[in-house]
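Novice: One structure coming up, written as structure tokens, with questions to follow.
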Amino acid sequence: MRIGVFGGTFNPPHNGHKKLALEIPGRLSLDLLIIVPTHIPPHKEARMLADDEDRLNMCRLCFDEKNIVVSDVELKRDGKSYTVETLAQLKESYPDDKLYFIMGSDMLLSFHQWREPEKILEFADICAVSRHEDETEKLRNYVKKYFAECKDKFTVLEFDPIDISSTEIRNSKDTSMLPAKVAEYIKERGLYT
Ligand code: ATP
Ligand code: MG
């Protein structure tokens, strides 16, 4: 199988994440997409971070297609959620399958600073998409600059993004960029107030 892995804080998951999750599997001919909400993001100060359980539930409501599963592999692990550890665990569960780690442009552009990027590349190929208009060239140049010797492990896909972030949603309380079920859940549970 070809398996995509899409990690994030998902605080909350929004239509930008959803568009990626709906479009990219077909483009990469994936058989399965695994959504991995992060327990503790290693590289950011998470403001107004909803509980693990709430973010897991919101992911289940947001990504409800067949061929997409939401995994609690990072939520069950203590400490900071390093992608290299997650992919090592997933590789144990799916030893014969090809893994693609999928990310938006902001994440790719710091990839060389992540923990053990070379080891990540042993476990998975990387697929990156633009989060804002016209970032494709910038992403391709990044790969050339930092990972020229293993550039075949990277795929930069043309992608027409919805320019939205969870931070903007938390700050504005505007729910129009959320799947309806996620918006309802946030209201019921009184999150981000
Ligand atoms: P925050 O503002 O809290 O950082 P976010 O919207 O950036 O939230 P994350 O959970 O940090 O969401 O991102 C998870 C993954 O989804 C990352 O790889 C990120 O690049 C990607 N991503 C986030 N928003 C979008 C978007 N609008 N379009 C495409 N990819 C996105
Ligand atoms: Mg982010």
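Just so we're on the same page: first chain in the structure tokens is A, next is B, and so on; residues restart at 1 for each chain, and ligands are numbered from 1 in the order they show up.
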Show me which residues line ligand 1, defined as having an atom within 10 Å of a ligand atom where only C-alpha atoms and all ligand atoms count, and present them as number ranges by chain.

Specialist: A: 6-21, 35-38, 41, 44-49, 101-109, 127-133, 159-171, 177

Novice: Taking 5 positions as the minimum chain separation for residues in the same chain, which residues sit within 6 Å of range 77-83 of chain A when counting only C-alpha atoms? Answer as a list in words.

Specialist: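 Counting only the stated atoms, we get His39, Ile40, Pro41 and Pro42 of chain A.
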
Novice: Would you output that residue set with all heavy atoms, as a PDB file, in the first residue's frame?

Specialist:
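Output file result_23.pdb is given in full below:
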```
ATOM      1  N   HIS A  39       0.700  15.458  20.109  1.00  0.00           N
ATOM      2  CA  HIS A  39       0.507  15.630  21.559  1.00  0.00           C
ATOM      3  C   HIS A  39       1.111  16.971  22.002  1.00  0.00           C
ATOM      4  O   HIS A  39       0.392  17.895  22.372  1.00  0.00           O
ATOM      5  CB  HIS A  39       1.149  14.446  22.283  1.00  0.00           C
ATOM      6  CG  HIS A  39       1.181  14.582  23.764  1.00  0.00           C
ATOM      7  ND1 HIS A  39       0.064  14.920  24.497  1.00  0.00           N
ATOM      8  CD2 HIS A  39       2.200  14.419  24.658  1.00  0.00           C
ATOM      9  CE1 HIS A  39       0.398  14.963  25.788  1.00  0.00           C
ATOM     10  NE2 HIS A  39       1.689  14.670  25.902  1.00  0.00           N
ATOM     11  N   ILE A  40       2.438  17.092  21.885  1.00  0.00           N
ATOM     12  CA  ILE A  40       3.094  18.377  22.182  1.00  0.00           C
ATOM     13  C   ILE A  40       3.917  18.774  20.963  1.00  0.00           C
ATOM     14  O   ILE A  40       4.902  18.107  20.635  1.00  0.00           O
ATOM     15  CB  ILE A  40       4.014  18.277  23.420  1.00  0.00           C
ATOM     16  CG1 ILE A  40       3.206  17.826  24.644  1.00  0.00           C
ATOM     17  CG2 ILE A  40       4.692  19.626  23.682  1.00  0.00           C
ATOM     18  CD1 ILE A  40       4.050  17.577  25.881  1.00  0.00           C
ATOM     19  N   PRO A  41       3.526  19.843  20.246  1.00  0.00           N
ATOM     20  CA  PRO A  41       4.305  20.248  19.073  1.00  0.00           C
ATOM     21  C   PRO A  41       5.706  20.675  19.507  1.00  0.00           C
ATOM     22  O   PRO A  41       5.837  21.480  20.437  1.00  0.00           O
ATOM     23  CB  PRO A  41       3.518  21.430  18.491  1.00  0.00           C
ATOM     24  CG  PRO A  41       2.393  21.711  19.415  1.00  0.00           C
ATOM     25  CD  PRO A  41       2.394  20.722  20.521  1.00  0.00           C
ATOM     26  N   PRO A  42       6.773  20.122  18.884  1.00  0.00           N
ATOM     27  CA  PRO A  42       8.133  20.413  19.339  1.00  0.00           C
ATOM     28  C   PRO A  42       8.569  21.849  19.085  1.00  0.00           C
ATOM     29  O   PRO A  42       9.363  22.392  19.830  1.00  0.00           O
ATOM     30  CB  PRO A  42       9.012  19.470  18.521  1.00  0.00           C
ATOM     31  CG  PRO A  42       8.116  18.562  17.772  1.00  0.00           C
ATOM     32  CD  PRO A  42       6.741  19.138  17.803  1.00  0.00           C
TER      33      PRO A  42
END
```

Novice: Run DSSP on the backbone and grab whatever in chain A lands in strand (DSSP E or B); send it over as a count of residues only.

Specialist: 33

Novice: As a ChimeraX atom specification, please: all residues of chain A that backbone DSSP puts in helix (DSSP H, G or I).

Specialist: /A:15-27,52-62,83-93,105-108,111-113,117-123,136-153,166-172,180-189

Novice: Considering only C-alpha atoms, return as a list of chain:residue names whatever protein or nucleic-acid residues lie within 10 Å of Lys181 in chain A, sequence-local ones (same chain, fewer than 4 positions apart) excluded.

Specialist: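 Non-adjacent residues within range: A:Met58, A:Arg60, A:Leu61, A:Cys62, A:Tyr185, A:Ile186, A:Lys187.
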
Novice: Could the residues in this selection be written to a file with N, CA, C and O atoms, as a short mmCIF file (atom, residue, chain, number, x, y, z; two decimals), in the first residue's frame?

Specialist:
```cif
data_model
loop_
_atom_site.label_atom_id
_atom_site.label_comp_id
_atom_site.auth_asym_id
_atom_site.auth_seq_id
_atom_site.Cartn_x
_atom_site.Cartn_y
_atom_site.Cartn_z
N MET A 58 -12.23 16.18 17.19
CA MET A 58 -12.45 17.12 16.07
C MET A 58 -11.85 16.57 14.77
O MET A 58 -12.44 16.74 13.70
N ARG A 60 -11.61 13.43 14.01
CA ARG A 60 -12.52 12.37 13.54
C ARG A 60 -13.72 12.97 12.84
O ARG A 60 -14.22 12.43 11.85
N LEU A 61 -14.22 14.11 13.35
CA LEU A 61 -15.37 14.76 12.73
C LEU A 61 -14.98 15.41 11.40
O LEU A 61 -15.75 15.42 10.44
N CYS A 62 -13.78 15.95 11.34
CA CYS A 62 -13.33 16.68 10.14
C CYS A 62 -12.99 15.71 9.01
O CYS A 62 -13.39 15.92 7.87
N TYR A 185 -19.05 21.05 17.42
CA TYR A 185 -18.32 20.44 18.54
C TYR A 185 -17.68 21.52 19.41
O TYR A 185 -17.76 21.49 20.64
N ILE A 186 -17.06 22.51 18.76
CA ILE A 186 -16.39 23.59 19.49
C ILE A 186 -17.41 24.36 20.33
O ILE A 186 -17.16 24.70 21.49
N LYS A 187 -18.57 24.58 19.75
CA LYS A 187 -19.61 25.33 20.45
C LYS A 187 -20.11 24.53 21.66
O LYS A 187 -20.18 25.04 22.78
#
```

Novice: Can you pull out the residues contacting range 26-32 of chain A? Cut-off 10 Å, using only C-alpha atoms, and skip same-chain residues under 5 positions away; I want them as a VMD selection string.

Specialist: chain A and resid 1 to 5 21 66 to 69 98 to 100 127 155 157
